[in-house]
$ cat entry_27.tsv   # TSV, C-alpha atoms
chain	number	residue	atom	x	y	z
A	1	VAL	CA	0.00	0.00	0.00
A	2	ALA	CA	1.18	3.57	-0.71
A	3	GLU	CA	-0.29	7.06	-0.60
A	4	GLY	CA	0.01	8.88	-3.90
A	5	PRO	CA	0.94	12.55	-4.42
A	6	ASN	CA	-2.78	13.36	-4.86
A	7	GLY	CA	-3.76	11.92	-1.47
A	8	ASN	CA	-5.33	8.78	-2.88
A	9	ILE	CA	-4.22	5.43	-1.46
A	10	TYR	CA	-3.06	2.69	-3.82
A	11	VAL	CA	-3.05	-1.00	-2.93
A	12	SER	CA	-1.81	-4.05	-4.80
A	13	GLU	CA	-4.10	-7.04	-5.24
A	14	MET	CA	-2.53	-10.33	-6.28
A	15	GLY	CA	-5.79	-12.01	-7.19
A	16	GLU	CA	-5.40	-15.76	-7.53
A	17	LYS	CA	-1.77	-16.74	-7.06
A	18	ASP	CA	0.04	-17.60	-10.30
A	19	LYS	CA	-3.01	-16.78	-12.42
A	20	ASP	CA	-2.01	-14.55	-15.32
A	21	GLY	CA	-3.64	-11.17	-15.74
A	22	ASP	CA	-5.97	-11.07	-12.71
A	23	GLY	CA	-3.68	-8.93	-10.53
A	24	LYS	CA	-4.29	-5.21	-10.25
A	25	ILE	CA	-3.61	-1.97	-8.42
A	26	SER	CA	-6.69	-0.41	-6.82
A	27	LYS	CA	-7.18	3.23	-5.89
A	28	ILE	CA	-8.97	4.40	-2.74
A	29	ASP	CA	-10.01	8.05	-2.81
A	30	LYS	CA	-10.37	10.31	0.23
A	31	LYS	CA	-14.02	9.30	0.63
A	32	GLY	CA	-13.18	5.61	0.69
A	33	ASN	CA	-14.38	4.84	-2.83
A	34	VAL	CA	-12.45	1.98	-4.44
A	35	THR	CA	-11.76	1.81	-8.17
A	36	SER	CA	-9.39	-0.21	-10.34
A	37	PHE	CA	-6.31	1.81	-11.30
A	38	ALA	CA	-3.99	-0.53	-13.20
A	39	THR	CA	-5.19	-3.92	-14.39
A	40	GLY	CA	-3.89	-6.94	-16.27
A	41	LEU	CA	-1.00	-7.64	-13.89
A	42	TYR	CA	0.09	-11.06	-12.59
A	43	ASP	CA	0.86	-11.09	-8.85
A	44	PRO	CA	1.68	-7.48	-7.85
A	45	LYS	CA	3.07	-7.04	-4.34
A	46	GLY	CA	5.35	-4.17	-3.27
A	47	ILE	CA	4.57	-0.68	-4.57
A	48	VAL	CA	6.31	2.68	-4.21
A	49	PHE	CA	5.89	6.12	-5.76
A	50	TYR	CA	8.80	8.00	-7.30
A	51	ASN	CA	8.48	11.14	-9.46
A	52	LYS	CA	4.70	10.71	-9.76
A	53	LYS	CA	5.03	7.19	-11.11
A	54	LEU	CA	4.26	3.96	-9.30
A	55	TYR	CA	6.78	1.12	-9.33
A	56	VAL	CA	5.53	-2.39	-8.66
A	57	THR	CA	7.06	-5.81	-8.13
A	58	ASP	CA	4.99	-8.13	-10.31
A	59	ARG	CA	6.02	-11.78	-10.05
A	60	ASP	CA	9.35	-11.66	-11.90
A	61	VAL	CA	9.45	-8.12	-13.33
A	62	ILE	CA	9.24	-4.50	-12.19
A	63	ILE	CA	6.32	-2.52	-13.57
A	64	GLU	CA	6.21	1.26	-14.06
A	65	VAL	CA	2.68	2.68	-13.82
A	66	ASN	CA	1.79	6.14	-15.08
A	67	ILE	CA	-0.64	8.41	-13.26
A	68	ASP	CA	-3.41	7.43	-15.74
A	69	GLY	CA	-2.99	3.74	-14.88
A	70	SER	CA	-1.21	2.73	-18.07
A	71	TRP	CA	1.87	0.63	-17.43
A	72	SER	CA	4.91	-1.00	-18.97
A	73	VAL	CA	7.69	-3.31	-17.86
A	74	PHE	CA	10.56	-1.27	-16.40
A	75	GLY	CA	12.85	-4.05	-15.18
A	76	SER	CA	12.40	-7.27	-17.14
A	77	THR	CA	13.24	-10.79	-16.03
A	78	MET	CA	16.23	-10.77	-18.37
A	79	SER	CA	17.58	-7.66	-16.59
A	80	PHE	CA	18.02	-9.53	-13.30
A	81	PRO	CA	21.52	-10.97	-12.76
A	82	LYS	CA	19.86	-13.85	-10.89
A	83	THR	CA	16.52	-15.36	-11.83
A	84	PRO	CA	13.79	-13.98	-9.53
A	85	VAL	CA	11.91	-16.51	-7.41
A	86	PHE	CA	9.46	-14.39	-5.39
A	87	LEU	CA	9.85	-10.64	-5.88
A	88	ASN	CA	8.23	-9.00	-2.89
A	89	ASP	CA	8.88	-5.51	-1.53
A	90	ILE	CA	10.28	-2.42	-3.27
A	91	ASP	CA	11.40	0.96	-2.00
A	92	VAL	CA	13.46	3.85	-3.32
A	93	ASP	CA	16.05	6.26	-1.95
A	94	THR	CA	16.26	9.99	-2.64
A	95	ASN	CA	18.61	9.40	-5.59
A	96	GLY	CA	16.18	7.14	-7.43
A	97	ASN	CA	17.87	3.86	-6.54
A	98	PHE	CA	15.32	1.11	-6.00
A	99	TYR	CA	15.81	-1.77	-3.58
A	100	ILE	CA	13.86	-4.93	-4.29
A	101	THR	CA	13.51	-8.05	-2.15
A	102	ASP	CA	13.19	-11.59	-3.42
A	103	THR	CA	12.01	-13.72	-0.50
A	104	GLY	CA	13.16	-16.97	-2.12
A	105	ASN	CA	11.42	-20.02	-0.67
A	106	PHE	CA	10.56	-18.03	2.52
A	107	GLU	CA	13.32	-19.81	4.45
A	108	THR	CA	16.47	-19.47	2.35
A	109	GLY	CA	17.63	-18.26	-1.04
A	110	GLY	CA	16.55	-14.66	-0.57
A	111	ILE	CA	18.10	-11.80	-2.52
A	112	VAL	CA	18.09	-8.00	-2.32
A	113	PHE	CA	18.47	-6.34	-5.72
A	114	LYS	CA	19.32	-2.73	-6.54
A	115	MET	CA	17.90	-1.05	-9.64
A	116	ASN	CA	18.74	2.40	-11.01
A	117	LEU	CA	16.58	4.71	-13.12
A	118	ALA	CA	18.05	3.22	-16.28
A	119	GLY	CA	16.56	-0.14	-15.28
A	120	GLU	CA	19.98	-1.67	-14.59
A	121	ILE	CA	19.81	-4.28	-11.82
A	122	SER	CA	22.54	-5.61	-9.55
A	123	VAL	CA	22.70	-7.92	-6.52
A	124	MET	CA	23.16	-6.27	-3.12
A	125	PHE	CA	22.74	-9.29	-0.82
A	126	ASP	CA	22.24	-12.97	-1.62
A	127	GLU	CA	22.62	-16.45	-0.11
A	128	THR	CA	26.33	-15.80	0.47
A	129	THR	CA	25.52	-12.87	2.78
A	130	GLU	CA	25.58	-13.84	6.44
A	131	ASN	CA	22.10	-13.61	8.07
A	132	ASN	CA	20.34	-13.03	4.75
A	133	ASN	CA	17.69	-15.76	4.46
A	134	ALA	CA	14.24	-14.59	3.35
A	135	PRO	CA	14.15	-10.78	3.09
A	136	ASN	CA	10.76	-9.14	2.74
A	137	GLY	CA	10.33	-5.55	3.94
A	138	VAL	CA	13.00	-3.10	2.79
A	139	LEU	CA	13.46	0.59	3.53
A	140	PRO	CA	16.40	2.92	2.68
A	141	ILE	CA	17.36	5.04	5.70
A	142	GLY	CA	20.28	7.05	4.28
A	143	ASN	CA	24.07	6.80	4.43
A	144	ASN	CA	24.19	3.52	2.50
A	145	LYS	CA	21.90	1.87	5.03
A	146	LEU	CA	18.72	-0.16	4.64
A	147	LEU	CA	16.26	-1.61	7.08
A	148	LEU	CA	15.72	-5.23	6.05
A	149	LEU	CA	12.93	-7.31	7.58
A	150	ASP	CA	13.22	-11.07	7.26
A	151	TRP	CA	10.13	-13.27	6.90
A	152	GLY	CA	11.54	-15.35	9.77
A	153	GLY	CA	10.99	-12.40	12.12
A	154	LYS	CA	14.33	-10.64	12.41
A	155	LEU	CA	15.01	-7.00	11.58
A	156	PHE	CA	18.42	-5.99	10.28
A	157	GLU	CA	20.27	-2.80	9.49
A	158	ALA	CA	21.99	-3.54	6.20
A	159	ASP	CA	25.09	-1.72	5.02
A	160	THR	CA	25.21	-1.54	1.23
A	161	LYS	CA	28.93	-0.70	1.25
A	162	THR	CA	30.28	-3.35	3.61
A	163	LYS	CA	27.52	-5.84	2.68
A	164	LYS	CA	26.98	-6.61	6.37
A	165	LEU	CA	23.68	-7.23	8.13
A	166	LYS	CA	23.38	-6.21	11.79
A	167	LYS	CA	20.41	-7.56	13.74
A	168	ILE	CA	18.55	-4.79	15.58
A	169	GLY	CA	15.34	-6.60	16.52
A	170	GLU	CA	13.52	-9.94	16.40
A	171	GLY	CA	10.24	-11.60	17.27
A	172	PHE	CA	8.17	-10.52	14.25
A	173	PRO	CA	7.07	-13.83	12.63
A	174	GLY	CA	6.03	-13.42	9.04
A	175	GLY	CA	7.84	-10.09	8.94
A	176	ASP	CA	6.27	-8.10	6.11
A	177	GLY	CA	6.29	-4.29	6.10
A	178	VAL	CA	8.59	-1.76	7.72
A	179	ALA	CA	8.32	2.02	8.17
A	180	ILE	CA	10.19	4.61	10.23
A	181	ARG	CA	9.31	7.98	11.80
A	182	ASN	CA	11.41	10.02	14.22
A	183	GLY	CA	13.69	7.08	14.89
A	184	ILE	CA	10.78	4.77	15.75
A	185	ILE	CA	10.49	1.71	13.51
A	186	TYR	CA	7.11	0.15	12.70
A	187	ILE	CA	6.96	-3.52	11.73
A	188	SER	CA	4.05	-5.67	10.56
A	189	SER	CA	3.76	-9.37	11.36
A	190	TRP	CA	1.75	-11.11	8.64
A	191	LYS	CA	1.47	-14.33	10.63
A	192	GLU	CA	0.34	-12.69	13.88
A	193	GLY	CA	-1.80	-9.94	12.39
A	194	LYS	CA	0.00	-7.37	14.52
A	195	VAL	CA	1.99	-4.18	14.06
A	196	TYR	CA	4.95	-3.52	16.36
A	197	GLU	CA	6.80	-0.40	17.39
A	198	LEU	CA	10.55	-0.73	17.87
A	199	LYS	CA	12.07	2.07	19.92
A	200	GLU	CA	15.58	2.12	21.39
A	201	GLY	CA	15.88	-1.63	20.91
A	202	LYS	CA	12.60	-2.48	22.64
A	203	SER	CA	9.48	-3.63	20.81
A	204	LYS	CA	5.80	-3.59	21.71
A	205	VAL	CA	2.53	-4.26	19.90
A	206	ILE	CA	0.68	-1.06	18.97
A	207	PHE	CA	-2.03	-2.43	16.64
A	208	GLU	CA	-3.49	-5.94	16.49
A	209	GLY	CA	-6.54	-7.93	15.48
A	210	PHE	CA	-5.68	-8.21	11.79
A	211	GLU	CA	-5.94	-11.49	9.91
A	212	ALA	CA	-2.70	-10.85	8.00
A	213	ALA	CA	-1.08	-7.41	8.41
A	214	ALA	CA	0.80	-6.94	5.15
A	215	ASP	CA	3.10	-4.25	3.74
A	216	ILE	CA	2.47	-1.10	5.81
A	217	ALA	CA	3.24	2.48	4.79
A	218	LEU	CA	3.33	5.89	6.39
A	219	SER	CA	1.01	8.58	5.09
A	220	ARG	CA	2.85	11.27	3.16
A	221	ASP	CA	2.66	13.65	6.14
A	222	LYS	CA	3.91	10.82	8.40
A	223	SER	CA	1.03	11.29	10.84
A	224	HIS	CA	-0.73	8.00	10.15
A	225	LEU	CA	0.14	4.38	9.45
A	226	ILE	CA	-1.69	2.70	6.57
A	227	ILE	CA	-2.21	-1.03	7.15
A	228	PRO	CA	-3.46	-3.44	4.48
A	229	ASP	CA	-4.94	-6.72	5.78
A	230	MET	CA	-4.29	-9.25	3.03
A	231	LYS	CA	-6.70	-11.95	4.17
A	232	ALA	CA	-9.49	-9.61	5.27
A	233	GLY	CA	-9.21	-7.52	2.12
A	234	THR	CA	-9.21	-4.24	4.03
A	235	VAL	CA	-7.05	-1.13	4.29
A	236	SER	CA	-7.15	0.87	7.52
A	237	ILE	CA	-5.53	4.13	8.60
A	238	HIS	CA	-4.28	4.55	12.17
A	239	PRO	CA	-3.01	7.78	13.77
A	240	LEU	CA	0.45	7.70	15.33
A	241	LYS	CA	1.11	9.33	18.66

$ encode --input "entry_27.tsv" --output "structure tokens"
Amino acid sequence: VAEGPNGNIYVSEMGEKDKDGDGKISKIDKKGNVTSFATGLYDPKGIVFYNKKLYVTDRDVIIEVNIDGSWSVFGSTMSFPKTPVFLNDIDVDTNGNFYITDTGNFETGGIVFKMNLAGEISVMFDETTENNNAPNGVLPIGNNKLLLLDWGGKLFEADTKTKKLKKIGEGFPGGDGVAIRNGIIYISSWKEGKVYELKEGKSKVIFEGFEAAADIALSRDKSHLIIPDMKAGTVSIHPLK
């Protein structure tokens, strides 16, 4: 889920897994009305806005969606230096470098790719990287650093220069989405249906009762957390203190 520059909220819908063409991006306006925005996709998952365009992980490619909903393949399967298995989350830094997670088999084989605005893709972390198993949520936090949330429930600070992963939290089974505001990290647990707050190394549940809390996002003004519930088929907005 992501809030667009116009204040609308966009959410990816996989449809039936591995069924061609039934995936889509939906748009929720400020009154809560839901319409289809981009259709004919496969299994879209992570989405992020950059320069008024929406970038989407869609099975084994990266899709670029225009503001009118038309789309094209931006990073093709052939562009990946390693064959994608399960492309999942995507985020972008201020320089237009995209970071894309491939969760592998959800236990091992995960990869973090980097893609530039020319569509060139390289490997940042793979199975040879210590502690890198099944990365899902990814978030650039400046100074060559990423937050990297593993499906197994561990949160790492990843250094893109040294290629080291430092564990900074754990206990988030089915780790899915990650967001940060004022040094506080927010983490969704897909398996538990909970959202955690991690502050100064200590975590606590701040929202719960979801069937499957998926890839969370901050509102553009950073005052609210947007939480998609994959199994319930809902999107909810929660104020942050």

$ atom_distance --input "entry_27.tsv" --atom1 "atom CA of Lys164 of chain A" --atom2 "atom CA of Thr101 of chain A"
16.0 Å

$ atom_distance --input "entry_27.tsv" --atom1 "atom CA of Pro84 of chain A" --atom2 "atom CA of Thr234 of chain A"
28.4 Å

$ closest_residue --input "entry_27.tsv" --among "A:Ile180, A:Gly119, A:Val112, A:Asp215" --to "Thr77 of chain A" --atoms "all atoms listed in the file"
A:Gly119

$ residues_around --input "entry_27.tsv" --residues "segment 147-150 of chain A" --least-positions-apart "5" --cutoff "8 Å" --atoms "all atoms listed in the file" --output "VMD selection string"
chain A and resid 132 to 141 155 to 158 174 to 178

$ atom_distance --input "entry_27.tsv" --atom1 "atom CA of Asp20 of chain A" --atom2 "atom CA of Asp126 of chain A"
27.9 Å

$ residues_around --input "entry_27.tsv" --residues "Ala214 of chain A" --least-positions-apart "6" --cutoff "6 Å" --atoms "all atoms listed in the file" --output "list in words"
Asp176, Trp190, Pro228, Asp229 and Met230 of chain A

$ residues_around --input "entry_27.tsv" --residues "segment 86-97 of chain A" --least-positions-apart "3" --cutoff "7 Å" --atoms "all atoms listed in the file" --output "list in words"
Lys45, Gly46, Ile47, Val48, Thr57, Arg59, Asp60, Ile100, Thr101, Asp102, Thr103, Gly104, Lys114, Met115, Asn116, Leu117, Asn136, Gly137, Val138, Leu139 and Pro140 of chain A

$ write_last_selection --input "entry_27.tsv" --atoms "C-alpha atoms" --output "short mmCIF file (atom, residue, chain, number, x, y, z; two decimals), keeping the file's coordinate frame"
data_model
loop_
_atom_site.label_atom_id
_atom_site.label_comp_id
_atom_site.auth_asym_id
_atom_site.auth_seq_id
_atom_site.Cartn_x
_atom_site.Cartn_y
_atom_site.Cartn_z
CA LYS A 45 3.07 -7.04 -4.34
CA GLY A 46 5.35 -4.17 -3.27
CA ILE A 47 4.57 -0.68 -4.57
CA VAL A 48 6.31 2.68 -4.21
CA THR A 57 7.06 -5.81 -8.13
CA ARG A 59 6.02 -11.78 -10.05
CA ASP A 60 9.35 -11.66 -11.90
CA ILE A 100 13.86 -4.93 -4.29
CA THR A 101 13.51 -8.05 -2.15
CA ASP A 102 13.19 -11.59 -3.42
CA THR A 103 12.01 -13.72 -0.50
CA GLY A 104 13.16 -16.97 -2.12
CA LYS A 114 19.32 -2.73 -6.54
CA MET A 115 17.90 -1.05 -9.64
CA ASN A 116 18.74 2.40 -11.01
CA LEU A 117 16.58 4.71 -13.12
CA ASN A 136 10.76 -9.14 2.74
CA GLY A 137 10.33 -5.55 3.94
CA VAL A 138 13.00 -3.10 2.79
CA LEU A 139 13.46 0.59 3.53
CA PRO A 140 16.40 2.92 2.68
#

$ closest_residue --input "entry_27.tsv" --among "A:Asp43, A:Asn66, A:Pro173, A:Val123" --to "Glu107 of chain A" --atoms "all atoms listed in the file"
A:Pro173

$ closest_residue --input "entry_27.tsv" --among "A:Asn131, A:Ala217, A:Lys194, A:Ile121" --to "Leu165 of chain A" --atoms "only C-alpha atoms"
A:Asn131

$ residues_around --input "entry_27.tsv" --residues "Asp29 of chain A" --least-positions-apart "5" --cutoff "8 Å" --atoms "all atoms listed in the file" --output "PyMOL selection string"
chain A and resi 7-9+34

$ closest_residue --input "entry_27.tsv" --among "A:Lys204, A:Lys161, A:Lys154, A:Lys199" --to "Arg181 of chain A" --atoms "only C-alpha atoms"
A:Lys199

$ build_atoms --input "entry_27.tsv" --residues "segment 103-114 of chain A" --atoms "all heavy atoms" --output "compact mmCIF listing (two decimals), keeping the file's coordinate frame"
# COMPACT_ATOMS: atom_id res chain seq x y z
N THR A 103 12.08 -12.97 -1.74
CA THR A 103 12.01 -13.72 -0.50
C THR A 103 12.40 -15.19 -0.68
O THR A 103 12.42 -15.96 0.29
CB THR A 103 10.59 -13.58 0.12
OG1 THR A 103 10.24 -12.19 0.12
CG2 THR A 103 10.53 -14.06 1.55
N GLY A 104 12.72 -15.60 -1.88
CA GLY A 104 13.16 -16.97 -2.12
C GLY A 104 12.06 -17.97 -1.78
O GLY A 104 10.90 -17.78 -2.14
N ASN A 105 12.43 -19.02 -1.05
CA ASN A 105 11.42 -20.02 -0.67
C ASN A 105 10.83 -19.73 0.72
O ASN A 105 10.23 -20.60 1.33
CB ASN A 105 12.01 -21.43 -0.73
CG ASN A 105 13.15 -21.64 0.28
OD1 ASN A 105 13.38 -20.81 1.17
ND2 ASN A 105 13.87 -22.73 0.15
N PHE A 106 11.05 -18.52 1.21
CA PHE A 106 10.56 -18.03 2.52
C PHE A 106 11.34 -18.61 3.70
O PHE A 106 10.99 -18.39 4.84
CB PHE A 106 9.06 -18.29 2.69
CG PHE A 106 8.21 -17.32 1.91
CD1 PHE A 106 8.07 -17.45 0.53
CD2 PHE A 106 7.58 -16.27 2.54
CE1 PHE A 106 7.32 -16.54 -0.20
CE2 PHE A 106 6.81 -15.35 1.82
CZ PHE A 106 6.70 -15.50 0.45
N GLU A 107 12.40 -19.34 3.40
CA GLU A 107 13.32 -19.81 4.45
C GLU A 107 14.76 -19.48 4.08
O GLU A 107 15.52 -19.00 4.91
CB GLU A 107 13.16 -21.32 4.66
CG GLU A 107 11.81 -21.71 5.28
CD GLU A 107 11.69 -23.20 5.52
OE1 GLU A 107 12.66 -23.94 5.23
OE2 GLU A 107 10.63 -23.63 6.01
N THR A 108 15.11 -19.74 2.85
CA THR A 108 16.47 -19.47 2.35
C THR A 108 16.38 -19.00 0.91
O THR A 108 15.31 -18.99 0.30
CB THR A 108 17.34 -20.74 2.41
OG1 THR A 108 16.70 -21.77 1.61
CG2 THR A 108 17.51 -21.23 3.84
N GLY A 109 17.54 -18.62 0.38
CA GLY A 109 17.63 -18.26 -1.04
C GLY A 109 17.20 -16.85 -1.36
O GLY A 109 17.04 -16.50 -2.53
N GLY A 110 17.00 -16.02 -0.33
CA GLY A 110 16.55 -14.66 -0.57
C GLY A 110 17.63 -13.76 -1.14
O GLY A 110 18.82 -13.97 -0.92
N ILE A 111 17.19 -12.74 -1.87
CA ILE A 111 18.10 -11.80 -2.52
C ILE A 111 17.56 -10.38 -2.35
O ILE A 111 16.34 -10.17 -2.31
CB ILE A 111 18.23 -12.10 -4.03
CG1 ILE A 111 18.76 -13.53 -4.27
CG2 ILE A 111 19.16 -11.10 -4.72
CD1 ILE A 111 18.74 -13.95 -5.73
N VAL A 112 18.46 -9.41 -2.24
CA VAL A 112 18.09 -8.00 -2.32
C VAL A 112 18.77 -7.43 -3.56
O VAL A 112 20.00 -7.48 -3.68
CB VAL A 112 18.52 -7.22 -1.07
CG1 VAL A 112 18.11 -5.75 -1.21
CG2 VAL A 112 17.90 -7.83 0.19
N PHE A 113 17.96 -6.94 -4.49
CA PHE A 113 18.47 -6.34 -5.72
C PHE A 113 18.46 -4.82 -5.61
O PHE A 113 17.67 -4.24 -4.85
CB PHE A 113 17.58 -6.73 -6.91
CG PHE A 113 17.58 -8.19 -7.26
CD1 PHE A 113 16.52 -9.00 -6.87
CD2 PHE A 113 18.62 -8.74 -7.98
CE1 PHE A 113 16.49 -10.34 -7.21
CE2 PHE A 113 18.61 -10.09 -8.32
CZ PHE A 113 17.54 -10.89 -7.94
N LYS A 114 19.31 -4.19 -6.40
CA LYS A 114 19.32 -2.73 -6.54
C LYS A 114 19.08 -2.41 -8.00
O LYS A 114 19.67 -3.04 -8.89
CB LYS A 114 20.66 -2.15 -6.08
CG LYS A 114 20.76 -0.63 -6.19
CD LYS A 114 22.13 -0.15 -5.72
CE LYS A 114 22.26 1.36 -5.82
NZ LYS A 114 23.61 1.82 -5.37
